[in-house]
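Shown next, in structure tokens, is the structure this report addresses.
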Amino acid sequence: MSTLAVGALYAASTLVAMFSGLPIAFALGTVALVFMMLFMPASALDTVTQNVYEEIASITLLSIPLFILKGAAIGKSRAGADLYAALHTWMHRVPGGMGIANVVACALFAAMAGSSPATCSAIGSTGIPQMRARGYSPGFAAGIIAAGGTLGILLPPSITMILFAIAAEQSLGRLFLAGVGPGILLVVLFCAYAAWNYRREFRAAQALAQQGGPGSEILRVENFTWAERARMLPRVLPFLVLLIGVMVALYGGYATPSETAGLGGILALLLVAVAYGAWRPSELRSILGSSIKESTMLMFIIGMSLLYTYVMSYLHISQAAAQWIIALQLSKWPLVAVVLLFVIGLGFFLPPVSVILMTAPIILPPLKASGFDLVWFGVLMTITMELGLIHPPVGLNIFVIKNVAPDIPLKDLVYGILPFVGLIIAALVLICLVPAIATWLPNAVFGTQ
Amino acid sequence: MSLGDIPSPARRDADGTDGAHATDTTGGVAPTWLRALIRRANALMLLLSMFAIVASCVVLTASVFLRYFLHAATDWQDEVAVFLLVFVTFGSSGWVQAQRGHIGIEAFGGFLSERVNRLRWWLCDLISAAFCGFFTWKSWTLVQDAWAEGMTTSSTWAPPLWLPYGLMASGMSLLALQLLVQVLAGPGPRERSA
């Protein structure tokens with residue numbers, strides 16, 4: 001059987017195993033094991049567990065449970081509501097200030113928690129009712145939160161980027177920094193849209209009121225005194241200290257990424273204990289239990305994805321697929337477009353961790369051969385997976401928002417989110433046209449590669 | 001992430017709970033004592049995993065302080081953290097399975113009848129149990145080899161490798177047993193075997 005035929009069989013078996021409902025980790029492991037039995041020497045089966053252990057026992061990879069712990073601690077506290085409330089008091093005079101406050105709160109929370117669904121849930125549970133109470137249309141309010149939540153996998157420390165760094169053998173420090181520029185770009189685009197659409201909805205409400213229709217809440221002027229604004233600051237200070245402390249430890253050269261993860265986990269637990277009184281065993285059990293549940297599920301998928309790609313590589317499937325892509329002789333940009341479309345397609349069904357680990361051996365060699373900077377591509381791939389988080393019909397954030405605000409019809413939700421899908425695509429195009437948006441900061445800090 | 005993030009709700013996460021209490025109510029032909037034993041073992045492993053994840057944070061944080069303030073060598077911290085996190089990952093896997101926390105794609109479940117779905121879920125458990133059983137067997141073989149050959153890691157600290165391999169093997173054993181109990185429960189509604 002030719003390598004490509006084995007590869008096609010491998011891909012087909014994976015699809016069948018996945019869509020049968022087998023847990024993703026066991027589906028990948030089982031397919032890999034069956035192909036080892038069929039096409040590899042019997043001795044290979046003796047090293048299955050050693051392969052998985054050696055791949056998984058990496059301190060960089062094992063920092064993932066600690067980043068998840070940090071996110072769970074922050075996510076289970078009132079930090080999201082406090083962050084949003086403080087930003088709102090400071091931004092209420094800006095047109096669309098409440099929407100902008102929500103986007104910025106999402107970005108800051110995402111940087112602390114590193115999880116898109118946690119961000120949507122934490123900021124959305126306060127932000128969406130508040131925006132709706134102030135006359136924002138339900139779809140617009142939901143779109144702001146769904147899009148803001150996606151920043152969780154782009155802003156450092158990002159689990160997606162940790163995996164890309166390992167799969168592409170790139171510097172994690174560089175990748176983290178490369179996410180900052182595009183993260184800020186997305187925040188600016190989301191804020192600009194929030195301000196523009198606010199003005200649009202404001203003018204529509206004004207016109208309706210002038211025609212004698214009911215006055216919308218969006219027309220009401222809200223004021224906060226300086227004393228009120230100052231009172232809100234201590235609420236966010238501890239979390240800004242955590243955010244800045246972790247960044248300083250990482251980029252000040254004090255700690256490695258894994259040590260930063262450990263430090264972040266301890267600081268987050270201490271902060272929620274001190275600032276929110278979450279120190280009782282039941283509260284700690286809840287934080288630790290949810291962290292362990294998520295991280296174990298994720299680490300199993302990662303471990304089995306690595307076994308899966310090991311088999312793919314041993315059978316020369318990934319090499320043959322990569323050579324096939326190179327032989328297509330696509331010019332640079334169509335190659336990137338095809339690869340990203342492939343990633344979007346897979347992202348409909350698979351979590352980003354599997355998408356990265358399973359596709360890296362196939363898509364990275366052609367991209368490298370075409371002379372692309374893999375750090376830059378890592379950012380593009382991460383943003384593409386952000387798109388998958390809000391892209392109808394299966395974007396995870398859509399379902400999280402539906403949970404937070406069940407009375408918003410799905411149609412409104414999708415229409416509210418679509419402009420943000422357009423903005424993310426616009427950001428992707430901009431980063432392709434101006435790669436320095438991603439590469440400038442890492443090059444400035446670490447020097448040009 | 002997160003995640004990485006977590007997959008879409010089109011995928012299965014049966015009970016949706018994130019609490020620390022296992023919800024295993026598996027019945028079927030599995031003996032009651034076995035179910036009780038696994039439930040207790042899962043609860044114990046979860047508790048130990050909770051301590052281990054916090055301990056790994058403490059070890060890594062201490063590493064930073066030891067290096068910068070006391071200028072002490074930090075050659076063992078990374079490995080200790082890795083061993084602790086290997087324990088967390090494998091040790092809690094049985095509990096996560098009891099919670100149906102190992103997620104899968106449920107895109108076509110809605111198109112099938114309840115009866116077919118029950119059979120499909122049971123077959124999925126059976127295949128998962130077979131895979132984990134094989135993995136467990138090979139894990140114990142690895143422990144035996146590491147013990148017999150006195151294998152150590154390649155660092156200057158050089159701790160014995162049977163230790164992390166043993167943590168992996170014992171966690172996988174519990175996961176395989178948990179799956180076995182779920183298989184023995186027979187085809188039933190997901191709630192019953194969750």
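Each chain of the structure tokens is named A, B, ... in the order shown, its residues numbered from 1; ligands are numbered from 1 in display order.
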
At a cut-off of 9 Å, using only C-alpha atoms, what residues contact Ala57 of chain A? Leave out same-chain residues fewer than 4 positions from it and give the result as a ChimeraX atom specification. /A:52-53,61-62 /B:79,82-83,85-86

Please dump the current selection as an mmCIF file, in the first residue's frame; keep C-alpha atoms.
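File produced: part.cif:
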data_model
loop_
_atom_site.group_PDB
_atom_site.id
_atom_site.type_symbol
_atom_site.label_atom_id
_atom_site.label_comp_id
_atom_site.auth_asym_id
_atom_site.auth_seq_id
_atom_site.Cartn_x
_atom_site.Cartn_y
_atom_site.Cartn_z
ATOM 1 C CA VAL A 52 3.410 9.246 25.367
ATOM 2 C CA TYR A 53 5.251 9.805 28.670
ATOM 3 C CA LEU A 61 3.662 21.439 28.229
ATOM 4 C CA LEU A 62 2.895 20.734 31.860
ATOM 5 C CA GLU B 79 11.523 17.450 37.544
ATOM 6 C CA VAL B 82 6.806 17.356 36.125
ATOM 7 C CA PHE B 83 6.319 14.296 38.371
ATOM 8 C CA LEU B 85 1.789 17.154 37.176
ATOM 9 C CA VAL B 86 2.123 13.693 35.623
#

Mind running chain A against chain B at 7 Å and telling me each contacting residue's nearest atom pair with the distance in Å (one decimal), counting only C-alpha atoms, chain and number ascending, as CSV?
residue,atom,partner,partner_atom,distance
A:Met18,CA,B:Ile105,CA,6.2
A:Phe19,CA,B:Ile105,CA,5.8
A:Gly21,CA,B:Ile105,CA,5.1
A:Leu22,CA,B:Cys124,CA,5.1
A:Pro23,CA,B:Gly104,CA,3.9
A:Ile24,CA,B:Gly104,CA,5.0
A:Phe26,CA,B:Ser128,CA,5.8
A:Thr30,CA,B:Phe131,CA,5.9
A:Asp46,CA,B:Lys138,CA,6.6
A:Thr49,CA,B:Ser139,CA,5.7
A:Ala57,CA,B:Val82,CA,6.1
A:Ile59,CA,B:Val82,CA,5.9
A:Leu62,CA,B:Leu85,CA,6.5
A:Gly114,CA,B:Ser2,CA,5.6
A:Ser115,CA,B:Ser2,CA,4.0
A:Ser116,CA,B:Ser2,CA,6.0
A:Gly152,CA,B:Met1,CA,6.5
A:Ile153,CA,B:Met1,CA,5.3
A:Ser158,CA,B:Met1,CA,6.5
A:Ile159,CA,B:Met1,CA,5.3
A:Thr160,CA,B:Gly4,CA,5.7
A:Tyr254,CA,B:Val64,CA,6.8
A:Ala255,CA,B:Val64,CA,6.0
A:Glu259,CA,B:Leu60,CA,4.9
A:Gly262,CA,B:Cys57,CA,3.9
A:Leu263,CA,B:Thr61,CA,5.0
A:Gly265,CA,B:Cys57,CA,6.2
A:Ile266,CA,B:Cys57,CA,6.1
A:Arg285,CA,B:Ala20,CA,5.9
A:Ser286,CA,B:Gly19,CA,5.2
A:Leu288,CA,B:Met50,CA,5.9
A:Gly289,CA,B:Ala20,CA,4.6
A:Ser290,CA,B:Asp18,CA,4.8
A:Lys293,CA,B:Val96,CA,5.7
A:Thr296,CA,B:Thr89,CA,4.8
A:Met297,CA,B:His102,CA,5.2
A:Met299,CA,B:Thr89,CA,6.7
A:Leu350,CA,B:Pro7,CA,6.6
A:Pro351,CA,B:Pro7,CA,4.9
A:Pro352,CA,B:Gly4,CA,6.3
A:Val353,CA,B:Gly4,CA,6.5
A:Val394,CA,B:Ser8,CA,6.4
A:Gly395,CA,B:Ser8,CA,6.5
A:Leu396,CA,B:Ser8,CA,4.5
A:Phe399,CA,B:Pro9,CA,6.8

Non-local contacts of Ser370 of chain A (10 Å; only C-alpha atoms; under 4 positions in same chain excluded) as a short mmCIF file (atom, residue, chain, number, x, y, z; two decimals) with N, CA, C and O atoms, in the first residue's frame:
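Contents of selection_8.cif, as written:
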data_model
loop_
_atom_site.label_atom_id
_atom_site.label_comp_id
_atom_site.auth_asym_id
_atom_site.auth_seq_id
_atom_site.Cartn_x
_atom_site.Cartn_y
_atom_site.Cartn_z
N ILE A 326 3.68 20.80 -1.17
CA ILE A 326 4.77 21.56 -1.80
C ILE A 326 4.71 21.37 -3.33
O ILE A 326 4.87 22.32 -4.09
N GLN A 329 2.86 23.53 -5.78
CA GLN A 329 3.54 24.77 -6.17
C GLN A 329 2.61 25.98 -6.11
O GLN A 329 2.58 26.82 -7.02
N LEU A 330 1.88 26.04 -5.01
CA LEU A 330 1.04 27.21 -4.79
C LEU A 330 1.95 28.38 -4.47
O LEU A 330 2.97 28.20 -3.82
N SER A 331 1.57 29.57 -4.94
CA SER A 331 2.38 30.72 -4.54
C SER A 331 2.09 31.02 -3.07
O SER A 331 1.17 30.45 -2.47
N LYS A 332 2.88 31.93 -2.49
CA LYS A 332 2.89 32.09 -1.03
C LYS A 332 1.50 32.32 -0.41
O LYS A 332 1.08 31.60 0.49
N TRP A 333 0.79 33.30 -0.92
CA TRP A 333 -0.45 33.70 -0.25
C TRP A 333 -1.59 32.70 -0.44
O TRP A 333 -2.31 32.41 0.52
N LEU A 335 -1.16 29.62 -0.60
CA LEU A 335 -0.79 28.54 0.32
C LEU A 335 -1.30 28.86 1.74
O LEU A 335 -1.94 28.02 2.39
N VAL A 336 -1.03 30.10 2.17
CA VAL A 336 -1.49 30.51 3.51
C VAL A 336 -3.01 30.43 3.58
O VAL A 336 -3.58 29.92 4.56
N LEU A 364 3.41 22.83 8.45
CA LEU A 364 4.56 23.70 8.73
C LEU A 364 5.71 23.55 7.72
O LEU A 364 6.29 24.56 7.32
N PRO A 365 6.05 22.31 7.27
CA PRO A 365 7.15 22.23 6.30
C PRO A 365 6.91 23.04 5.02
O PRO A 365 7.81 23.78 4.60
N PRO A 366 5.71 22.96 4.39
CA PRO A 366 5.51 23.79 3.20
C PRO A 366 5.62 25.29 3.49
O PRO A 366 6.17 26.05 2.69
#

What gap, in Å, lies between atom CA of Ala42 of chain A and atom CA of Ile302 of chain A?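 The value is 24.3 Å.
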
Shell around segment 93-101 of chain A at 10 Å using only C-alpha atoms, local window under 5 positions removed, as a VMD selection string: chain A and resid 83 to 88 106 to 107 127 to 128 130 to 131 134 136 140 to 141 144 to 145 148 187 to 188 190 to 199 201 to 202 218 221 to 224

Would you pick out the contacts of Ala81 of chain A at 12 Å or less, using only C-alpha atoms, so that residues sharing its chain but fewer than 6 positions from it are not included, and give the list as a list in words?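 Residues meeting the cut-off are Ile74, Gly75, Leu87, His88, Ala101, Asn102, Ala105, Cys106, Phe109, Thr119, Cys120, Ser121, Ala122, Ile123, Gly124, Ser125, Thr126, Gly127, Ile128, Pro129, Gln130, Met232, Arg235 and Val236 of chain A.
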
Could you dump the residues just selected with N, CA and C atoms as a CSV table (one decimal), in the first residue's frame?
chain,number,residue,atom,x,y,z
A,74,ILE,N,-9.4,32.9,38.9
A,74,ILE,CA,-9.9,34.2,38.6
A,74,ILE,C,-11.4,34.1,38.1
A,75,GLY,N,-11.6,33.0,37.3
A,75,GLY,CA,-13.0,32.9,36.7
A,75,GLY,C,-14.0,32.6,37.7
A,87,LEU,N,-14.2,49.7,34.9
A,87,LEU,CA,-13.9,50.3,33.5
A,87,LEU,C,-15.1,51.2,33.1
A,88,HIS,N,-16.3,50.7,33.4
A,88,HIS,CA,-17.5,51.5,33.0
A,88,HIS,C,-17.5,52.9,33.6
A,101,ALA,N,-15.9,49.5,27.4
A,101,ALA,CA,-15.5,49.0,28.7
A,101,ALA,C,-15.6,47.5,28.7
A,102,ASN,N,-16.6,47.0,28.1
A,102,ASN,CA,-16.8,45.5,28.0
A,102,ASN,C,-15.7,44.8,27.2
A,105,ALA,N,-12.5,45.1,29.3
A,105,ALA,CA,-12.6,44.2,30.4
A,105,ALA,C,-12.4,42.8,29.9
A,106,CYS,N,-13.0,42.4,28.8
A,106,CYS,CA,-12.7,41.1,28.2
A,106,CYS,C,-11.2,40.9,27.9
A,109,PHE,N,-9.4,40.5,31.3
A,109,PHE,CA,-9.7,39.3,31.9
A,109,PHE,C,-9.1,38.1,31.2
A,119,THR,N,-13.9,33.9,30.0
A,119,THR,CA,-14.0,35.3,29.8
A,119,THR,C,-15.5,35.7,29.4
A,120,CYS,N,-16.0,35.0,28.4
A,120,CYS,CA,-17.4,35.3,28.0
A,120,CYS,C,-18.4,35.2,29.2
A,121,SER,N,-18.2,34.1,30.0
A,121,SER,CA,-19.1,33.9,31.1
A,121,SER,C,-18.9,34.9,32.2
A,122,ALA,N,-17.7,35.2,32.5
A,122,ALA,CA,-17.4,36.1,33.6
A,122,ALA,C,-17.8,37.6,33.3
A,123,ILE,N,-17.4,38.1,32.1
A,123,ILE,CA,-17.7,39.5,31.8
A,123,ILE,C,-19.2,39.5,31.3
A,124,GLY,N,-19.6,38.5,30.5
A,124,GLY,CA,-20.9,38.6,29.9
A,124,GLY,C,-22.0,38.5,30.9
A,125,SER,N,-21.9,37.8,32.0
A,125,SER,CA,-22.9,37.6,33.0
A,125,SER,C,-23.3,39.0,33.6
A,126,THR,N,-22.4,39.9,33.7
A,126,THR,CA,-22.7,41.3,34.1
A,126,THR,C,-22.9,42.2,33.0
A,127,GLY,N,-21.9,42.1,32.0
A,127,GLY,CA,-21.9,43.1,30.9
A,127,GLY,C,-23.1,43.1,30.0
A,128,ILE,N,-23.6,41.9,29.7
A,128,ILE,CA,-24.7,41.8,28.7
A,128,ILE,C,-26.0,42.4,29.4
A,129,PRO,N,-26.4,42.0,30.6
A,129,PRO,CA,-27.6,42.6,31.2
A,129,PRO,C,-27.5,44.1,31.3
A,130,GLN,N,-26.3,44.6,31.7
A,130,GLN,CA,-26.1,46.0,31.8
A,130,GLN,C,-26.2,46.8,30.5
A,232,MET,N,-13.6,52.8,42.7
A,232,MET,CA,-13.7,51.6,41.9
A,232,MET,C,-12.2,51.0,41.7
A,235,ARG,N,-10.7,47.9,43.4
A,235,ARG,CA,-11.3,46.6,43.0
A,235,ARG,C,-10.5,45.9,41.9
A,236,VAL,N,-9.9,46.7,41.0
A,236,VAL,CA,-9.1,46.1,39.9
A,236,VAL,C,-7.6,46.0,40.2

Find the spatial neighbours of Ala205 of chain A, counting only C-alpha atoms, within a cut-off of 10 Å - ignore same-chain residues fewer than 3 positions away - and output them as a PyMOL selection string. chain A and resi 135+199-202+208-211+213-219

Now that the selection is made, can you save its residues with C-alpha atoms as a short mmCIF file (atom, residue, chain, number, x, y, z; two decimals), in the first residue's frame?
data_model
loop_
_atom_site.label_atom_id
_atom_site.label_comp_id
_atom_site.auth_asym_id
_atom_site.auth_seq_id
_atom_site.Cartn_x
_atom_site.Cartn_y
_atom_site.Cartn_z
CA GLY A 135 -30.61 50.25 25.50
CA ARG A 199 -23.76 55.92 17.54
CA ARG A 200 -25.93 54.17 14.92
CA GLU A 201 -28.27 52.71 17.55
CA PHE A 202 -28.24 56.05 19.45
CA LEU A 208 -37.73 57.37 17.09
CA ALA A 209 -38.05 59.58 20.19
CA GLN A 210 -38.37 62.70 18.00
CA GLN A 211 -41.22 61.05 16.11
CA GLY A 213 -42.00 56.93 19.93
CA PRO A 214 -40.92 55.46 23.27
CA GLY A 215 -37.65 56.89 24.64
CA SER A 216 -34.87 54.33 24.72
CA GLU A 217 -32.55 53.87 27.68
CA ILE A 218 -29.65 54.43 25.28
CA LEU A 219 -30.56 58.16 25.32
#
